[in-house]
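Trainee: As input, take protein-v7.txt (compact mmCIF, C-alpha atoms):
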# COMPACT_ATOMS: atom_id res chain seq x y z
CA MET D 1 220.35 120.82 224.33
CA GLN D 2 218.37 118.13 222.51
CA LEU D 3 220.13 115.71 220.21
CA LEU D 4 218.38 115.20 216.87
CA ASP D 5 218.89 111.45 216.72
CA GLY D 6 218.81 110.40 213.07
CA LYS D 7 219.26 106.73 213.99
CA LEU D 8 216.16 106.58 216.17
CA LEU D 9 214.05 108.66 213.77
CA SER D 10 215.10 106.64 210.73
CA GLU D 11 214.24 103.40 212.55
CA ASN D 12 210.79 104.76 213.40
CA ILE D 13 210.14 105.79 209.79
CA LYS D 14 211.37 102.41 208.53
CA MET D 15 208.87 100.72 210.83
CA GLU D 16 206.13 102.86 209.29
CA LEU D 17 207.32 101.97 205.78
CA ALA D 18 207.46 98.26 206.64
CA ALA D 19 203.86 98.41 207.91
CA GLU D 20 202.78 100.06 204.65
CA VAL D 21 204.57 97.38 202.61
CA ASP D 22 202.79 94.70 204.65
CA GLN D 23 199.46 96.29 203.72
CA ILE D 24 200.45 96.40 200.05
CA ARG D 25 201.40 92.72 200.19
CA LEU D 26 198.13 91.76 201.89
CA LYS D 27 196.20 93.51 199.14
CA GLY D 28 198.26 91.84 196.40
CA GLY D 29 199.73 95.15 195.27
CA LYS D 30 203.09 95.94 193.75
CA ILE D 31 206.05 95.82 196.15
CA PRO D 32 208.32 98.90 195.83
CA HIS D 33 211.54 98.12 193.95
CA LEU D 34 214.69 100.26 194.24
CA ALA D 35 217.76 99.71 192.05
CA ALA D 36 221.25 101.10 192.56
CA VAL D 37 224.08 101.35 190.05
CA LEU D 38 227.58 101.26 191.55
CA VAL D 39 230.57 101.97 189.33
CA GLY D 40 234.09 101.25 190.56
CA GLU D 41 235.47 100.48 194.01
CA ASN D 42 235.09 103.80 195.87
CA PRO D 43 234.96 102.71 199.55
CA ALA D 44 232.51 105.43 200.63
CA SER D 45 230.20 104.67 197.69
CA GLN D 46 230.24 100.98 198.54
CA VAL D 47 229.25 101.75 202.14
CA TYR D 48 226.43 104.07 201.02
CA VAL D 49 225.02 101.59 198.51
CA SER D 50 225.19 98.64 200.90
CA SER D 51 223.33 100.75 203.47
CA LYS D 52 220.61 101.48 200.92
CA ILE D 53 220.26 97.81 199.97
CA LYS D 54 220.15 96.75 203.64
CA SER D 55 217.49 99.38 204.34
CA CYS D 56 215.36 98.03 201.49
CA GLU D 57 215.49 94.58 203.07
CA GLN D 58 214.50 96.01 206.45
CA VAL D 59 211.29 97.56 205.12
CA GLY D 60 210.39 94.78 202.69
CA PHE D 61 211.26 96.56 199.43
CA LYS D 62 212.75 94.68 196.51
CA SER D 63 216.24 95.83 195.61
CA THR D 64 218.63 95.35 192.71
CA LEU D 65 222.34 96.21 192.70
CA VAL D 66 224.06 96.71 189.34
CA ARG D 67 227.85 96.71 189.76
CA ARG D 68 230.29 97.65 187.02
CA PRO D 69 234.07 98.24 187.00
CA ALA D 70 235.54 101.76 187.00
CA ASP D 71 236.66 101.41 183.38
CA ILE D 72 233.10 101.00 182.06
CA GLY D 73 232.44 103.19 179.03
CA GLU D 74 229.95 106.05 179.17
CA ALA D 75 227.84 104.50 176.40
CA GLU D 76 227.57 101.22 178.30
CA LEU D 77 226.52 103.01 181.48
CA LEU D 78 223.92 104.96 179.53
CA ASP D 79 222.57 101.66 178.20
CA ILE D 80 222.17 100.44 181.80
CA VAL D 81 220.29 103.64 182.69
CA TYR D 82 217.98 103.25 179.68
CA GLY D 83 217.35 99.62 180.64
CA LEU D 84 216.30 100.63 184.16
CA ASN D 85 214.13 103.44 182.74
CA ASN D 86 212.26 100.87 180.66
CA ASP D 87 211.98 98.12 183.29
CA PRO D 88 208.36 98.26 184.56
CA ASP D 89 209.25 96.51 187.82
CA ILE D 90 211.83 99.13 188.82
CA ASP D 91 210.05 102.00 190.57
CA GLY D 92 213.11 104.13 191.22
CA PHE D 93 216.86 103.93 190.89
CA ILE D 94 220.03 105.79 191.71
CA VAL D 95 223.40 105.99 190.02
CA GLN D 96 225.83 106.38 192.92
CA LEU D 97 228.10 109.41 192.66
CA PRO D 98 230.91 110.23 192.17
CA LEU D 99 231.48 108.53 188.83
CA PRO D 100 234.90 107.96 187.20
CA LYS D 101 236.26 111.11 185.57
CA HIS D 102 235.81 109.82 182.01
CA ILE D 103 232.02 109.69 182.52
CA SER D 104 229.88 112.84 182.50
CA GLU D 105 227.76 112.89 185.65
CA GLU D 106 225.54 115.50 184.02
CA LYS D 107 224.89 113.29 180.99
CA ILE D 108 224.03 110.32 183.20
CA THR D 109 221.72 112.39 185.42
CA LEU D 110 219.88 113.79 182.39
CA ALA D 111 219.42 110.26 181.02
CA ILE D 112 217.54 109.07 184.11
CA ASP D 113 213.76 109.09 183.70
CA HIS D 114 212.62 111.87 186.04
CA ARG D 115 209.69 109.65 187.07
CA LYS D 116 212.21 107.18 188.54
CA ASP D 117 214.67 109.80 189.83
CA VAL D 118 214.32 109.00 193.55
CA ASP D 119 217.59 110.86 194.27
CA GLY D 120 215.82 114.06 193.15
CA PHE D 121 218.76 115.23 191.03
CA HIS D 122 217.09 115.51 187.61
CA PRO D 123 216.39 119.10 186.45
CA VAL D 124 212.69 118.28 186.07
CA ASN D 125 212.41 117.37 189.75
CA PHE D 126 214.67 120.24 190.79
CA GLY D 127 212.62 122.72 188.79
CA ARG D 128 209.32 121.41 190.12
CA MET D 129 210.69 121.63 193.66
CA ALA D 130 211.79 125.23 193.06
CA GLN D 131 208.26 126.12 191.96
CA GLY D 132 206.63 124.36 194.89
CA MET D 133 205.17 121.59 192.72
CA PRO D 134 205.09 117.91 193.69
CA ALA D 135 208.52 116.40 193.01
CA PHE D 136 211.03 113.87 194.23
CA LEU D 137 213.06 115.96 196.66
CA PRO D 138 216.83 115.45 196.93
CA ALA D 139 217.24 112.83 199.61
CA THR D 140 219.41 114.74 202.11
CA PRO D 141 217.28 117.93 202.17
CA PHE D 142 214.14 115.76 202.28
CA GLY D 143 215.56 113.90 205.28
CA ILE D 144 216.41 117.16 207.04
CA MET D 145 212.94 118.58 206.44
CA GLU D 146 211.41 115.41 207.85
CA MET D 147 213.69 115.69 210.89
CA LEU D 148 212.57 119.28 211.52
CA ARG D 149 208.93 118.30 211.04
CA ARG D 150 208.96 115.30 213.36
CA HIS D 151 210.77 117.18 216.11
CA ASN D 152 208.29 120.07 215.83
CA ILE D 153 211.09 122.60 215.41
CA GLU D 154 209.69 126.07 214.76
CA THR D 155 210.77 127.45 211.38
CA SER D 156 208.25 130.19 210.55
CA GLY D 157 209.90 133.59 210.55
CA LYS D 158 213.24 132.14 211.62
CA HIS D 159 216.52 133.16 210.01
CA CYS D 160 218.30 130.17 208.51
CA VAL D 161 221.91 130.26 207.30
CA VAL D 162 222.97 127.49 204.92
CA LEU D 163 226.70 126.90 204.45
CA GLY D 164 227.40 125.42 201.02
CA ARG D 165 225.64 125.93 197.69
CA SER D 166 225.77 122.47 196.09
CA ASN D 167 222.83 121.26 194.01
CA ILE D 168 222.66 118.17 196.22
CA VAL D 169 222.24 119.87 199.61
CA GLY D 170 222.82 123.63 200.00
CA THR D 171 220.75 125.11 197.19
CA PRO D 172 217.71 122.80 197.55
CA MET D 173 217.84 123.23 201.35
CA ALA D 174 217.63 127.00 200.93
CA LEU D 175 214.69 126.67 198.54
CA LEU D 176 212.75 124.26 200.76
CA LEU D 177 213.18 126.28 203.95
CA SER D 178 212.05 129.47 202.22
CA ARG D 179 208.84 127.93 200.82
CA LYS D 180 205.41 128.61 202.28
CA GLY D 181 204.22 126.12 204.87
CA TYR D 182 205.80 123.97 207.54
CA PRO D 183 208.66 123.30 207.82
CA GLY D 184 209.46 126.46 205.92
CA ASP D 185 208.64 130.17 205.92
CA CYS D 186 212.25 130.89 206.87
CA THR D 187 214.29 133.87 205.80
CA VAL D 188 217.30 132.12 204.26
CA THR D 189 220.87 133.26 203.69
CA LEU D 190 222.83 130.95 201.38
CA THR D 191 226.54 131.24 202.10
CA HIS D 192 229.63 129.71 200.46
CA SER D 193 233.40 129.94 200.16
CA ARG D 194 233.27 133.49 198.76
CA THR D 195 230.97 134.89 201.45
CA ARG D 196 232.53 137.79 203.34
CA ASP D 197 232.75 137.40 207.11
CA LEU D 198 231.06 134.02 207.14
CA ALA D 199 231.23 133.80 210.92
CA ALA D 200 229.16 136.99 211.26
CA GLU D 201 226.50 135.58 208.92
CA VAL D 202 226.25 132.36 210.91
CA ARG D 203 225.93 134.28 214.20
CA ARG D 204 222.68 135.80 212.91
CA ALA D 205 221.09 132.38 212.39
CA ASP D 206 218.30 130.76 214.35
CA ILE D 207 218.89 127.63 212.24
CA VAL D 208 222.28 126.63 210.81
CA VAL D 209 222.63 124.00 208.06
CA ALA D 210 226.31 123.16 207.61
CA ALA D 211 227.10 121.45 204.30
CA ILE D 212 230.45 122.90 203.34
CA GLY D 213 232.61 119.76 203.47
CA ILE D 214 235.32 121.00 205.86
CA PRO D 215 235.87 119.09 209.12
CA GLN D 216 234.78 120.95 212.28
CA PHE D 217 234.58 124.21 210.33
CA VAL D 218 231.79 125.85 212.35
CA LYS D 219 233.16 126.98 215.72
CA ALA D 220 231.38 127.72 219.00
CA ASP D 221 231.78 131.49 218.74
CA TRP D 222 229.99 131.38 215.38
CA VAL D 223 226.76 130.03 216.86
CA ARG D 224 224.24 132.00 218.88
CA ASP D 225 222.76 130.57 222.07
CA GLY D 226 219.65 128.49 221.42
CA ALA D 227 220.33 127.91 217.72
CA VAL D 228 219.28 124.76 215.87
CA VAL D 229 222.31 123.21 214.14
CA ILE D 230 221.98 120.67 211.34
CA ASP D 231 225.36 119.14 210.46
CA VAL D 232 225.41 117.54 207.00
CA GLY D 233 229.16 116.96 206.86
CA ILE D 234 230.76 113.53 206.96
CA ASN D 235 234.55 113.88 207.16
CA ARG D 236 237.17 111.34 208.18
CA ILE D 237 240.03 112.72 210.28
CA ALA D 238 243.08 111.09 211.86
CA ASP D 239 242.68 109.89 215.45
CA ALA D 240 245.52 107.92 217.00
CA THR D 241 243.29 106.85 219.91
CA ARG D 242 241.07 104.79 217.60
CA LYS D 243 241.96 101.29 216.44
CA SER D 244 241.21 102.33 212.86
CA GLY D 245 243.44 105.39 213.22
CA SER D 246 240.61 107.72 212.22
CA ARG D 247 237.10 108.85 213.10
CA LEU D 248 234.13 110.57 211.48
CA VAL D 249 233.31 114.18 212.27
CA GLY D 250 230.91 116.72 210.80
CA ASP D 251 231.34 120.24 209.50
CA VAL D 252 230.58 121.52 213.01
CA ASP D 253 232.92 121.41 216.02
CA PHE D 254 230.33 119.33 217.88
CA ASP D 255 231.84 119.21 221.39
CA ALA D 256 232.23 122.99 221.52
CA VAL D 257 229.03 123.94 219.70
CA ALA D 258 226.52 121.48 221.21
CA PRO D 259 226.24 123.14 224.67
CA LYS D 260 225.07 126.38 223.02
CA CYS D 261 222.31 124.77 220.92
CA SER D 262 218.66 124.06 221.49
CA HIS D 263 218.95 121.16 219.01
CA ILE D 264 221.88 119.64 217.11
CA THR D 265 222.51 116.60 214.91
CA PRO D 266 225.42 114.28 215.72
CA VAL D 267 227.94 112.87 213.23
CA PRO D 268 227.67 109.97 212.75
CA GLY D 269 224.08 109.11 213.63
CA GLY D 270 222.36 112.23 212.32
CA VAL D 271 221.56 113.44 208.82
CA GLY D 272 223.27 110.56 206.97
CA LEU D 273 220.79 107.95 208.17
CA MET D 274 217.88 110.22 207.30
CA THR D 275 219.22 110.55 203.75
CA VAL D 276 218.85 106.81 203.18
CA THR D 277 215.40 106.82 204.77
CA ALA D 278 214.28 109.69 202.55
CA LEU D 279 215.38 107.66 199.52
CA LEU D 280 213.05 104.86 200.66
CA MET D 281 210.21 107.36 201.13
CA ASN D 282 210.73 108.63 197.58
CA THR D 283 210.73 105.04 196.27
CA LEU D 284 207.38 104.34 197.91
CA LYS D 285 206.01 107.54 196.34
CA ALA D 286 207.32 106.36 192.96
CA CYS D 287 205.70 102.94 193.37
CA ARG D 288 202.38 104.58 194.25
CA LYS D 289 202.81 107.07 191.41
CA GLU D 290 202.07 109.89 193.85
CA ILE D 291 204.14 112.47 191.98
CA TYR D 292 203.60 111.70 188.31
CA GLY D 293 200.49 109.54 188.23
Now, as a test, write the supplied structure out as structure tokens.

Mentor:
Amino acid sequence: MQLLDGKLLSENIKMELAAEVDQIRLKGGKIPHLAAVLVGENPASQVYVSSKIKSCEQVGFKSTLVRRPADIGEAELLDIVYGLNNDPDIDGFIVQLPLPKHISEEKITLAIDHRKDVDGFHPVNFGRMAQGMPAFLPATPFGIMEMLRRHNIETSGKHCVVLGRSNIVGTPMALLLSRKGYPGDCTVTLTHSRTRDLAAEVRRADIVVAAIGIPQFVKADWVRDGAVVIDVGINRIADATRKSGSRLVGDVDFDAVAPKCSHITPVPGGVGLMTVTALLMNTLKACRKEIYG
């Protein structure tokens, strides 16, 4: 069993990005600039955003954090989005989800200029991705694809089962793995909460992508010997042995499943770190105008 170490891989990619930024600086070019909008005091969102800002500093990007209280009005948040759209120094930006219930996430996402949508959530980018056109890919699927690529994991002709059909992970993951080229050319089954005999579907998989949001949901007897398992889940469960009283686990029962796998991602230290790194990669693409010219 080989561990797909997202920490080590993300550090290697960040070193590559930092070297590219050094070259840009030497040539007097524009330094990539990522902005993040954080609404409210959601603890997980604060951790995610601080990680993104710290990562920008590590690779030499400029970063801007826009913080607003949870009771901000939708119109005011839209004004912030429009301001970032029109700021020529901002190459890409994210509005951290989830948003307070009185704000429409769909309306905010649609308001973001697709040319600065480095999260890859805008329908223009999603549609271009679905048609195999250049696009900003959603950060988590992009990070997973990069992980498969850099570990030279064979995908052509393999059967991949994706658990979860969200627009952020499951659905784009299924699209990307089914596309022509590497990593891709998979036969993909997209499963979800209404799938009959989910365990039987997973047993057929050469590659499993678990993004269903239930702690330790995928059990050892679901996974065939030699499978590649990508665990997207980040769930906090009670653990009296820890000082904090809790610990992070994925959607896969790691201790039981790992011995059966050829490759598996840990939680933490796997896909989550690659998500942040993929966001940086998209920001560099935006700065270079690689997608939209």

Trainee: Can you tell me, as a PDB file with C-alpha atoms, in the coordinates of the input, what residues are no more than 8 Å from Val267 (chain D) when counting all atoms listed in the file, ignoring any on the same chain fewer than 6 positions away?

Mentor:
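File result28.pdb, as written:
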ATOM      1  CA  ASP D 231     225.360 119.140 210.460  1.00  0.00           C
ATOM      2  CA  GLY D 233     229.160 116.960 206.860  1.00  0.00           C
ATOM      3  CA  ILE D 234     230.760 113.530 206.960  1.00  0.00           C
ATOM      4  CA  LEU D 248     234.130 110.570 211.480  1.00  0.00           C
ATOM      5  CA  VAL D 249     233.310 114.180 212.270  1.00  0.00           C
ATOM      6  CA  GLY D 250     230.910 116.720 210.800  1.00  0.00           C
TER       7      GLY D 250
END

Trainee: Residues at most 10 Å from Ile53 (chain D), counting only C-alpha atoms, excluding those fewer than 5 positions away in the same chain, as a ChimeraX atom specification?

Mentor: /D:34-36,48,58,61-65,276

Trainee: Between D:Leu175, D:Leu17, D:Ile94, D:Ile153, which residue has the minimum interatomic distance to Arg128 (chain D), considering all atoms listed in the file?

Mentor: D:Leu175

Trainee: Of the candidates D:Val208, D:Ala135, D:Leu190, D:Leu78, which shows the shortest atom-to-atom distance to Thr109 (chain D), using all atoms listed in the file?

Mentor: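 When distances to Thr109 (chain D) are compared using all atoms listed in the file, the smallest one comes from D:Leu78.
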
Trainee: Residues around (219.8, 130.6, 207.7), cut-off 12 Å, counting only C-alpha atoms - what are they as a VMD selection string?

Mentor: chain D and resid 155 to 164 170 to 171 173 to 178 184 to 191 198 200 to 210 223 227 to 230

Trainee: Between CA of Phe217 (chain D) and CA of Phe142 (chain D), what distance in Å does the model show, to one decimal?

Mentor: 23.5 Å

Trainee: Would you compute the distance between CA of Val49 (chain D) and CA of Pro123 (chain D)? Give it in Å to one decimal.

Mentor: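 Those two atoms sit 22.9 Å apart.
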
Trainee: Which centre and which edge lengths, in Å to one decimal, describe the axis-aligned box that holds all listed atoms of region 19-24 of chain D after 3 Å is added on each side, as AutoDock Vina command-line options?

Mentor:
--center_x 202.0 --center_y 97.4 --center_z 204.0 --size_x 11.1 --size_y 11.4 --size_z 13.9

Trainee: So that I can check the surroundings of Ile90 (chain D), please list as an mmCIF file with C-alpha atoms, keeping the file's coordinate frame every protein, DNA and RNA residue that reaches within 10 Å of it, counting all atoms listed in the file and ignoring chain neighbours fewer than 3 positions away.

Mentor:
data_model
loop_
_atom_site.group_PDB
_atom_site.id
_atom_site.type_symbol
_atom_site.label_atom_id
_atom_site.label_comp_id
_atom_site.auth_asym_id
_atom_site.auth_seq_id
_atom_site.Cartn_x
_atom_site.Cartn_y
_atom_site.Cartn_z
ATOM 1 C CA ILE D 31 206.050 95.820 196.150
ATOM 2 C CA PRO D 32 208.320 98.900 195.830
ATOM 3 C CA HIS D 33 211.540 98.120 193.950
ATOM 4 C CA LEU D 34 214.690 100.260 194.240
ATOM 5 C CA ALA D 35 217.760 99.710 192.050
ATOM 6 C CA LYS D 62 212.750 94.680 196.510
ATOM 7 C CA SER D 63 216.240 95.830 195.610
ATOM 8 C CA THR D 64 218.630 95.350 192.710
ATOM 9 C CA GLY D 83 217.350 99.620 180.640
ATOM 10 C CA LEU D 84 216.300 100.630 184.160
ATOM 11 C CA ASN D 85 214.130 103.440 182.740
ATOM 12 C CA ASN D 86 212.260 100.870 180.660
ATOM 13 C CA ASP D 87 211.980 98.120 183.290
ATOM 14 C CA PHE D 93 216.860 103.930 190.890
ATOM 15 C CA LYS D 116 212.210 107.180 188.540
ATOM 16 C CA THR D 283 210.730 105.040 196.270
ATOM 17 C CA ALA D 286 207.320 106.360 192.960
ATOM 18 C CA CYS D 287 205.700 102.940 193.370
#

Trainee: Counting all atoms listed in the file, figure out which residue out of D:Gln216, D:Gly60, D:Ser246, D:Asp71 gets nearest to Arg25 (chain D).

Mentor: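 With all atoms listed in the file as the atom set, the closest residue is D:Gly60.
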
Trainee: Looking at all atoms listed in the file, which of D:Ile168, D:Ile264, D:Ala75, D:Leu97 is the one that sits closest to Gly120 (chain D)?

Mentor: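 Among the listed residues, the smallest separation from Gly120 (chain D) belongs to D:Ile168.
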
Trainee: Dump as CSV the rows for residues of region 34-88 of chain D within 12 Å of region 268-273 of chain D: closest atom pair and distance in Å with one decimal, all atoms listed in the file counted, ordered by chain and rising residue number.

Mentor:
residue,atom,partner,partner_atom,distance
D:Val47,CA,D:Gly272,CA,11.7
D:Tyr48,CA,D:Gly272,CA,9.4
D:Ser51,CA,D:Leu273,CA,9.0
D:Lys52,CA,D:Leu273,CA,9.7
D:Ser55,CA,D:Leu273,CA,10.0

Trainee: Which residues are close to Met147 (chain D), i.e. within 9 Å by all atoms listed in the file, leaving aside same-chain residues fewer than 3 positions away? Reply as a VMD selection string.

Mentor: chain D and resid 4 to 6 9 142 to 144 150 to 153 271 274

Trainee: If you keep C-alpha atoms, can you produce a file of those selected residues as a PDB file, keeping the file's coordinate frame?

Mentor:
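Final output, saved to result30.pdb:
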ATOM      1  CA  LEU D   4     218.380 115.200 216.870  1.00  0.00           C
ATOM      2  CA  ASP D   5     218.890 111.450 216.720  1.00  0.00           C
ATOM      3  CA  GLY D   6     218.810 110.400 213.070  1.00  0.00           C
ATOM      4  CA  LEU D   9     214.050 108.660 213.770  1.00  0.00           C
ATOM      5  CA  PHE D 142     214.140 115.760 202.280  1.00  0.00           C
ATOM      6  CA  GLY D 143     215.560 113.900 205.280  1.00  0.00           C
ATOM      7  CA  ILE D 144     216.410 117.160 207.040  1.00  0.00           C
ATOM      8  CA  ARG D 150     208.960 115.300 213.360  1.00  0.00           C
ATOM      9  CA  HIS D 151     210.770 117.180 216.110  1.00  0.00           C
ATOM     10  CA  ASN D 152     208.290 120.070 215.830  1.00  0.00           C
ATOM     11  CA  ILE D 153     211.090 122.600 215.410  1.00  0.00           C
ATOM     12  CA  VAL D 271     221.560 113.440 208.820  1.00  0.00           C
ATOM     13  CA  MET D 274     217.880 110.220 207.300  1.00  0.00           C
TER      14      MET D 274
END

Trainee: Give the answer as one residue: which of D:His192, D:Met133, D:Gly181, D:Asp113 has the shortest atom-to-atom distance to Arg149 (chain D), using all atoms listed in the file?

Mentor: D:Gly181
